[in-house]
file structure16.cif (mmCIF, C-alpha atoms)
data_data
loop_
_atom_site.label_atom_id
_atom_site.label_comp_id
_atom_site.auth_asym_id
_atom_site.auth_seq_id
_atom_site.Cartn_x
_atom_site.Cartn_y
_atom_site.Cartn_z
CA MET E 1 153.25 196.40 92.43
CA ALA E 2 150.85 197.33 95.26
CA PRO E 3 152.12 199.91 97.77
CA ARG E 4 152.92 198.70 101.27
CA ASN E 5 150.44 199.39 104.03
CA VAL E 6 152.65 201.50 106.33
CA THR E 7 151.53 202.93 109.66
CA GLN E 8 153.15 206.24 110.51
CA VAL E 9 154.47 206.60 114.06
CA THR E 10 152.43 209.07 116.13
CA GLU E 11 154.35 208.74 119.40
CA PHE E 12 157.73 207.53 120.64
CA ILE E 13 158.80 205.65 123.76
CA LEU E 14 161.87 206.93 125.62
CA THR E 15 163.91 204.23 127.35
CA GLY E 16 165.35 206.80 129.77
CA VAL E 17 168.66 206.71 131.60
CA SER E 18 168.02 203.21 132.94
CA ASP E 19 165.28 200.61 132.43
CA ARG E 20 165.80 198.99 135.84
CA PRO E 21 162.63 199.55 137.94
CA GLU E 22 164.45 199.68 141.28
CA LEU E 23 166.53 202.66 140.07
CA GLN E 24 163.67 204.87 138.90
CA ILE E 25 162.91 206.59 142.23
CA PRO E 26 166.59 207.07 143.26
CA LEU E 27 167.38 208.47 139.80
CA PHE E 28 164.32 210.73 139.98
CA LEU E 29 165.59 212.19 143.26
CA VAL E 30 169.13 212.65 141.92
CA PHE E 31 168.01 214.44 138.75
CA LEU E 32 165.41 216.47 140.62
CA LEU E 33 168.23 217.77 142.83
CA ILE E 34 170.40 218.48 139.77
CA TYR E 35 167.59 220.34 138.03
CA GLY E 36 166.72 222.27 141.20
CA LEU E 37 170.35 223.39 141.59
CA THR E 38 170.46 224.29 137.89
CA VAL E 39 167.38 226.48 138.10
CA SER E 40 168.40 228.22 141.33
CA GLY E 41 172.03 228.69 140.26
CA ASN E 42 171.31 230.09 136.81
CA LEU E 43 168.45 232.29 138.02
CA GLY E 44 170.87 233.59 140.65
CA ILE E 45 173.45 234.49 137.98
CA ILE E 46 170.77 236.14 135.83
CA THR E 47 169.49 238.18 138.79
CA LEU E 48 172.89 239.26 140.09
CA THR E 49 174.21 240.31 136.67
CA SER E 50 171.02 242.30 136.11
CA VAL E 51 170.85 244.27 139.38
CA ASP E 52 174.39 244.71 140.71
CA PRO E 53 176.18 247.84 139.42
CA ARG E 54 179.60 246.16 139.54
CA LEU E 55 178.42 243.45 137.14
CA GLN E 56 177.28 245.81 134.39
CA THR E 57 180.15 244.97 132.02
CA PRO E 58 180.27 243.01 128.74
CA MET E 59 181.77 239.95 130.47
CA TYR E 60 178.81 239.64 132.85
CA PHE E 61 176.33 240.51 130.11
CA PHE E 62 177.55 237.45 128.19
CA LEU E 63 177.58 235.39 131.40
CA ARG E 64 173.92 236.33 131.96
CA HIS E 65 173.00 234.97 128.54
CA LEU E 66 175.06 231.82 129.08
CA ALA E 67 172.97 231.28 132.23
CA ILE E 68 169.76 231.83 130.21
CA ILE E 69 170.96 229.26 127.66
CA ASN E 70 171.92 226.74 130.35
CA LEU E 71 168.56 227.18 132.05
CA GLY E 72 166.72 226.78 128.74
CA ASN E 73 168.69 223.67 127.76
CA SER E 74 167.96 221.92 131.05
CA THR E 75 164.29 222.94 131.02
CA VAL E 76 163.79 221.48 127.55
CA ILE E 77 165.09 218.09 128.80
CA ALA E 78 164.61 217.69 132.56
CA PRO E 79 160.83 218.05 133.21
CA LYS E 80 159.85 215.31 130.73
CA MET E 81 162.73 213.16 131.95
CA LEU E 82 161.61 213.53 135.59
CA VAL E 83 158.00 212.64 134.73
CA ASN E 84 159.17 209.50 132.90
CA PHE E 85 160.91 208.24 136.03
CA LEU E 86 157.49 208.09 137.73
CA VAL E 87 155.31 206.59 134.98
CA LYS E 88 155.28 203.17 133.39
CA LYS E 89 154.50 204.30 129.85
CA LYS E 90 157.34 206.68 128.95
CA THR E 91 155.80 208.09 125.80
CA ILE E 92 156.28 211.37 123.98
CA SER E 93 154.09 212.47 121.07
CA TYR E 94 155.51 212.95 117.57
CA TYR E 95 155.16 216.74 117.67
CA GLU E 96 156.31 217.02 121.28
CA CYS E 97 159.42 215.06 120.29
CA ALA E 98 160.05 217.39 117.33
CA THR E 99 159.63 220.43 119.61
CA GLN E 100 162.01 218.98 122.20
CA LEU E 101 164.66 218.27 119.55
CA GLY E 102 164.29 221.81 118.19
CA GLY E 103 164.60 223.34 121.65
CA PHE E 104 167.62 221.23 122.49
CA LEU E 105 169.37 222.23 119.24
CA LEU E 106 168.54 225.91 119.79
CA PHE E 107 170.19 225.98 123.21
CA ILE E 108 173.12 223.63 122.62
CA VAL E 109 174.18 225.47 119.44
CA SER E 110 173.70 228.82 121.18
CA GLU E 111 175.90 227.60 124.05
CA VAL E 112 178.69 226.58 121.67
CA ILE E 113 178.61 230.01 120.03
CA MET E 114 178.28 231.90 123.33
CA LEU E 115 181.39 230.22 124.76
CA ALA E 116 183.32 231.40 121.68
CA VAL E 117 181.93 234.94 122.10
CA MET E 118 182.99 234.95 125.76
CA ALA E 119 186.50 233.79 124.80
CA TYR E 120 186.72 236.65 122.28
CA ASP E 121 185.54 239.08 124.97
CA ARG E 122 188.36 237.94 127.30
CA TYR E 123 190.87 238.18 124.43
CA VAL E 124 189.96 241.83 123.76
CA ALA E 125 189.91 242.68 127.50
CA ILE E 126 193.40 241.29 128.14
CA CYS E 127 195.19 241.81 124.82
CA ASN E 128 193.65 245.17 123.85
CA PRO E 129 192.44 246.74 127.12
CA LEU E 130 192.59 250.34 125.83
CA LEU E 131 190.18 249.51 122.99
CA TYR E 132 187.96 247.19 125.04
CA MET E 133 184.96 249.49 125.53
CA VAL E 134 185.09 250.47 121.86
CA VAL E 135 185.46 246.97 120.38
CA VAL E 136 183.01 245.37 122.85
CA SER E 137 180.52 248.22 123.12
CA ARG E 138 176.91 247.84 124.24
CA LYS E 139 175.80 247.81 120.61
CA ILE E 140 178.32 245.09 119.70
CA CYS E 141 177.29 243.03 122.75
CA LEU E 142 173.63 243.15 121.73
CA LEU E 143 174.55 242.28 118.15
CA LEU E 144 176.69 239.28 119.16
CA VAL E 145 174.01 237.90 121.49
CA SER E 146 171.25 238.46 118.91
CA LEU E 147 173.27 236.67 116.22
CA THR E 148 173.99 233.81 118.63
CA TYR E 149 170.29 233.21 119.27
CA LEU E 150 169.38 233.74 115.61
CA TYR E 151 171.99 231.23 114.46
CA GLY E 152 170.92 228.71 117.11
CA PHE E 153 167.26 229.11 116.09
CA SER E 154 168.05 228.78 112.38
CA THR E 155 170.11 225.64 112.97
CA ALA E 156 167.37 224.14 115.15
CA VAL E 157 164.68 224.76 112.51
CA VAL E 158 166.72 223.39 109.60
CA VAL E 159 168.14 220.31 111.34
CA SER E 160 165.00 219.27 113.23
CA SER E 161 162.87 219.75 110.10
CA CYS E 162 165.28 217.55 108.14
CA VAL E 163 165.33 214.86 110.85
CA PHE E 164 161.52 214.74 110.92
CA SER E 165 161.19 214.83 107.13
CA VAL E 166 162.03 211.10 107.01
CA SER E 167 159.47 208.38 107.76
CA TYR E 168 159.15 206.67 111.13
CA CYS E 169 156.97 203.62 110.61
CA SER E 170 158.45 200.62 112.40
CA SER E 171 159.99 200.72 115.88
CA ASN E 172 159.17 203.77 117.98
CA VAL E 173 161.46 203.05 120.96
CA ILE E 174 164.15 205.75 121.32
CA ASN E 175 167.20 204.52 123.21
CA HIS E 176 167.64 207.82 125.01
CA PHE E 177 166.09 210.01 127.71
CA TYR E 178 165.11 212.76 125.24
CA CYS E 179 164.59 213.15 121.50
CA ASP E 180 168.05 213.40 119.93
CA ASN E 181 169.22 213.22 116.31
CA VAL E 182 171.17 209.95 116.25
CA PRO E 183 168.77 207.63 118.12
CA LEU E 184 165.83 209.12 116.18
CA LEU E 185 167.40 208.55 112.76
CA ALA E 186 168.28 204.99 113.81
CA LEU E 187 164.51 204.30 113.88
CA SER E 188 163.71 205.64 110.43
CA CYS E 189 162.38 203.27 107.78
CA SER E 190 163.44 205.55 104.90
CA ASP E 191 166.74 206.82 103.50
CA THR E 192 168.54 208.89 106.16
CA TYR E 193 171.62 209.87 104.15
CA LEU E 194 170.62 213.55 103.81
CA PRO E 195 169.66 214.20 107.48
CA GLU E 196 172.65 212.21 108.77
CA THR E 197 174.98 214.23 106.52
CA LEU E 198 173.37 217.50 107.59
CA VAL E 199 173.60 216.58 111.29
CA PHE E 200 177.27 215.63 110.91
CA ILE E 201 178.26 218.73 108.90
CA SER E 202 176.32 221.09 111.20
CA GLY E 203 177.73 219.55 114.39
CA ALA E 204 181.30 219.38 113.10
CA THR E 205 181.21 222.94 111.72
CA ASN E 206 179.78 224.45 114.89
CA LEU E 207 182.14 222.56 117.20
CA PHE E 208 185.25 223.14 115.07
CA SER E 209 184.67 226.86 114.47
CA SER E 210 183.86 227.49 118.13
CA MET E 211 186.88 225.54 119.37
CA ILE E 212 189.21 227.33 116.95
CA THR E 213 187.92 230.71 118.19
CA VAL E 214 188.40 229.64 121.83
CA LEU E 215 191.87 228.16 121.25
CA VAL E 216 193.16 231.13 119.24
CA SER E 217 191.75 233.57 121.80
CA TYR E 218 193.33 231.80 124.76
CA PHE E 219 196.62 231.22 122.95
CA ASN E 220 196.91 234.99 122.51
CA ILE E 221 195.70 235.59 126.08
CA VAL E 222 198.40 233.32 127.50
CA LEU E 223 201.09 235.00 125.38
CA SER E 224 199.89 238.41 126.53
CA ILE E 225 199.83 237.37 130.20
CA LEU E 226 203.34 235.90 129.98
CA ARG E 227 204.60 239.31 128.82
CA ILE E 228 203.37 240.90 132.06
CA HIS E 229 206.40 241.38 134.32
CA SER E 230 204.76 241.46 137.75
CA SER E 231 203.42 238.24 139.24
CA GLU E 232 200.51 240.19 140.72
CA GLY E 233 199.57 241.46 137.26
CA ARG E 234 199.72 237.96 135.80
CA LYS E 235 197.59 236.60 138.62
CA LYS E 236 194.99 239.33 138.13
CA ALA E 237 194.90 238.72 134.37
CA PHE E 238 194.46 234.96 134.83
CA SER E 239 191.70 235.51 137.40
CA THR E 240 189.57 237.39 134.86
CA CYS E 241 189.41 234.40 132.53
CA GLY E 242 189.97 231.43 134.87
CA SER E 243 186.27 230.67 135.34
CA HIS E 244 185.56 230.73 131.63
CA MET E 245 188.58 228.53 130.91
CA MET E 246 187.29 225.94 133.39
CA ALA E 247 183.75 226.02 131.95
CA VAL E 248 185.09 225.69 128.39
CA THR E 249 187.37 222.77 129.37
CA VAL E 250 184.52 220.83 130.98
CA PHE E 251 182.10 221.48 128.09
CA TYR E 252 184.43 220.74 125.19
CA GLY E 253 186.06 217.86 127.06
CA THR E 254 182.69 216.12 127.25
CA LEU E 255 181.88 216.74 123.58
CA LEU E 256 185.32 215.57 122.42
CA PHE E 257 185.03 212.42 124.54
CA MET E 258 181.71 211.72 122.85
CA TYR E 259 182.75 212.38 119.25
CA LEU E 260 186.39 211.26 119.17
CA GLN E 261 186.06 207.84 120.78
CA PRO E 262 186.84 204.85 118.46
CA ARG E 263 183.80 203.61 116.55
CA THR E 264 184.39 200.09 117.94
CA ASN E 265 183.73 201.44 121.47
CA HIS E 266 180.95 203.78 120.41
CA SER E 267 177.38 203.05 121.50
CA LEU E 268 174.12 204.87 122.11
CA ASP E 269 174.48 204.06 125.82
CA THR E 270 177.81 205.94 125.87
CA ASP E 271 176.16 208.86 124.07
CA LYS E 272 173.40 208.77 126.67
CA MET E 273 175.84 209.15 129.57
CA ALA E 274 177.72 211.96 127.82
CA SER E 275 174.39 213.67 127.08
CA VAL E 276 173.46 213.58 130.77
CA PHE E 277 176.64 215.52 131.44
CA TYR E 278 176.32 218.31 128.87
CA THR E 279 172.53 218.75 129.06
CA LEU E 280 172.05 218.52 132.84
CA VAL E 281 175.30 218.42 134.82
CA ILE E 282 177.24 221.21 133.07
CA PRO E 283 174.32 223.71 133.30
CA MET E 284 174.32 222.95 137.05
CA LEU E 285 178.11 223.33 137.36
CA ASN E 286 178.51 226.57 135.39
CA PRO E 287 176.90 228.88 138.01
CA MET E 288 179.08 227.24 140.68
CA ILE E 289 182.22 227.68 138.59
CA TYR E 290 181.51 231.35 137.91
CA SER E 291 180.36 232.18 141.44
CA LEU E 292 182.94 230.25 143.48
CA ARG E 293 185.89 231.42 141.36
CA ASN E 294 184.77 235.01 140.87
CA LYS E 295 185.20 237.61 143.63
CA ASP E 296 182.85 240.12 141.98
CA VAL E 297 180.02 237.57 141.80
CA LYS E 298 180.59 236.45 145.40
CA ASP E 299 180.58 240.07 146.60
CA ALA E 300 177.42 240.78 144.59
CA LEU E 301 175.74 237.73 146.11
CA LYS E 302 176.62 238.85 149.66
CA LYS E 303 175.31 242.34 148.93
CA PHE E 304 172.11 240.98 147.40
CA MET E 305 171.50 238.63 150.33
CA ALA E 306 172.02 241.49 152.77
CA ASN E 307 169.75 243.87 150.82
CA PRO E 308 167.59 241.98 148.28
CA ASP E 309 165.48 245.07 147.54
CA SER E 310 168.42 246.91 146.02
CA SER E 311 168.24 247.23 142.27
CA CYS E 312 170.10 248.84 139.45
CA LYS E 313 169.45 249.64 135.84
CA PRO E 314 170.60 246.55 133.91
CA MET E 315 173.00 246.72 131.02
#
call {"tool": "encode", "arguments": {"input": "structure16.cif", "output": "structure tokens"}}
result
Amino acid sequence: MAPRNVTQVTEFILTGVSDRPELQIPLFLVFLLIYGLTVSGNLGIITLTSVDPRLQTPMYFFLRHLAIINLGNSTVIAPKMLVNFLVKKKTISYYECATQLGGFLLFIVSEVIMLAVMAYDRYVAICNPLLYMVVVSRKICLLLVSLTYLYGFSTAVVVSSCVFSVSYCSSNVINHFYCDNVPLLALSCSDTYLPETLVFISGATNLFSSMITVLVSYFNIVLSILRIHSSEGRKKAFSTCGSHMMAVTVFYGTLLFMYLQPRTNHSLDTDKMASVFYTLVIPMLNPMIYSLRNKDVKDALKKFMANPDSSCKPM
């Protein structure tokens, strides 16, 4: 039997957030504003936690790296997305698509792990305050952050390589605004059982292990806070983890909405809207959550605005 004459896909077409022509410019302006706020907000957090002496603690060290991750995640997605609002042919090359998927996986997996690390940090600070600087020392902080990035990078390399190991030889239209696992595999003309299984196991494992760490940490934090007799002490304890609790709730709430909805109601368009939230909106919201709800960050911002030349040895 003669082999089929198959043409391998060399580029993909991204449908974007909407295919309605009259919405392209308004959506471009909206997402340009979102990306601008994301860049300025996260760069502000990175700068403040690097130069202000009051923010040289493990909590703000982890916050700095969460801001780096949020900035990286948005930057992998937003620039190409913004360009596609302004052009008629919304194409992305095969290798550019693979790079974008790898970058997205690196930062989204790193964010999941970093939120768990930050929850553990708050658990040690509130439940074992006398041992805090020993358990969460500078060396341990560097180790945890290094492992977070290493794990995110390893996951990105393995999963993206597996997704692009299958053949793409028929339709090249991705029903999304960036290269993501599910809409990509839906286009494959070969067996996708292995990459689909790997994507599911990796996603479920990362999400479940991170959520368990966060839930166990905050369960113990709440129990510890309830044992504090003074209302002022309880308020102070809650204030140290309130921002992180809000950020975690928004992030995991979006992911759970996406993955736990009934299959009968599930669609790539729903995934697209949820993706807008956790790739673009949440990275914009996180700096606001941590700055507006955190007195130390607000004080550091006022000091920096009053004397921007001041600097301090970073942690």
call {"tool": "residues_around", "arguments": {"input": "structure16.cif", "residues": "stretch 251-255 of chain E", "least_positions_apart": "5", "cutoff": "9 Å", "atoms": "only C-alpha atoms", "output": "PDB file with C-alpha atoms, in the frame of the given file"}}
result
ATOM      1  CA  VAL E 112     178.690 226.580 121.670  1.00  0.00           C
ATOM      2  CA  LEU E 207     182.140 222.560 117.200  1.00  0.00           C
ATOM      3  CA  MET E 211     186.880 225.540 119.370  1.00  0.00           C
ATOM      4  CA  MET E 246     187.290 225.940 133.390  1.00  0.00           C
ATOM      5  CA  LEU E 260     186.390 211.260 119.170  1.00  0.00           C
ATOM      6  CA  ALA E 274     177.720 211.960 127.820  1.00  0.00           C
ATOM      7  CA  SER E 275     174.390 213.670 127.080  1.00  0.00           C
ATOM      8  CA  PHE E 277     176.640 215.520 131.440  1.00  0.00           C
ATOM      9  CA  TYR E 278     176.320 218.310 128.870  1.00  0.00           C
ATOM     10  CA  ILE E 282     177.240 221.210 133.070  1.00  0.00           C
TER      11      ILE E 282
END
call {"tool": "closest_residue", "arguments": {"input": "structure16.cif", "among": "E:Val216, E:Leu101, E:Ile34, E:Met114", "to": "E:Leu150", "atoms": "all atoms listed in the file"}}
result
E:Met114
call {"tool": "residues_near_point", "arguments": {"input": "structure16.cif", "point": "(156.8, 211.4, 125.1)", "cutoff": "7 Å", "atoms": "all atoms listed in the file", "output": "list in words"}}
result
Glu11, Phe12, Ile13, Leu14, Lys90, Thr91, Ile92, Ser93, Glu96 and Cys97 of chain E
call {"tool": "atom_distance", "arguments": {"input": "structure16.cif", "atom1": "atom CA of E:Tyr290", "atom2": "atom CA of E:Phe153"}}
result
26.2 Å
call {"tool": "resolve_selection", "arguments": {"input": "structure16.cif", "expression": "the PyMOL selection byres ((chain E and resi 77) around 12)", "output": "number ranges by chain"}}
result
E: 16, 31-32, 35, 70-76, 78-84, 96-97, 99-105, 107-108, 176-180, 275-276, 278-281, 283
call {"tool": "closest_residue", "arguments": {"input": "structure16.cif", "among": "E:Lys235, E:Leu194, E:Met59, E:Lys303", "to": "E:Ala119", "atoms": "only C-alpha atoms"}}
result
E:Met59
call {"tool": "resolve_selection", "arguments": {"input": "structure16.cif", "expression": "the PyMOL selection byres ((chain E and resi 289) around 12)", "output": "JSON, numbers by chain"}}
result
{"E": [41, 42, 45, 63, 67, 241, 242, 243, 244, 245, 246, 247, 248, 249, 250, 282, 283, 284, 285, 286, 287, 288, 290, 291, 292, 293, 294, 295, 297, 298]}
call {"tool": "closest_residue", "arguments": {"input": "structure16.cif", "among": "E:Leu37, E:Val9, E:Cys141, E:Val87", "to": "E:Phe62", "atoms": "all atoms listed in the file"}}
result
E:Cys141
call {"tool": "atom_distance", "arguments": {"input": "structure16.cif", "atom1": "atom CA of E:Asn206", "atom2": "atom CA of E:Val39"}}
result
26.4 Å
call {"tool": "atom_distance", "arguments": {"input": "structure16.cif", "atom1": "atom CA of E:Thr205", "atom2": "atom CA of E:Tyr149"}}
result
16.8 Å
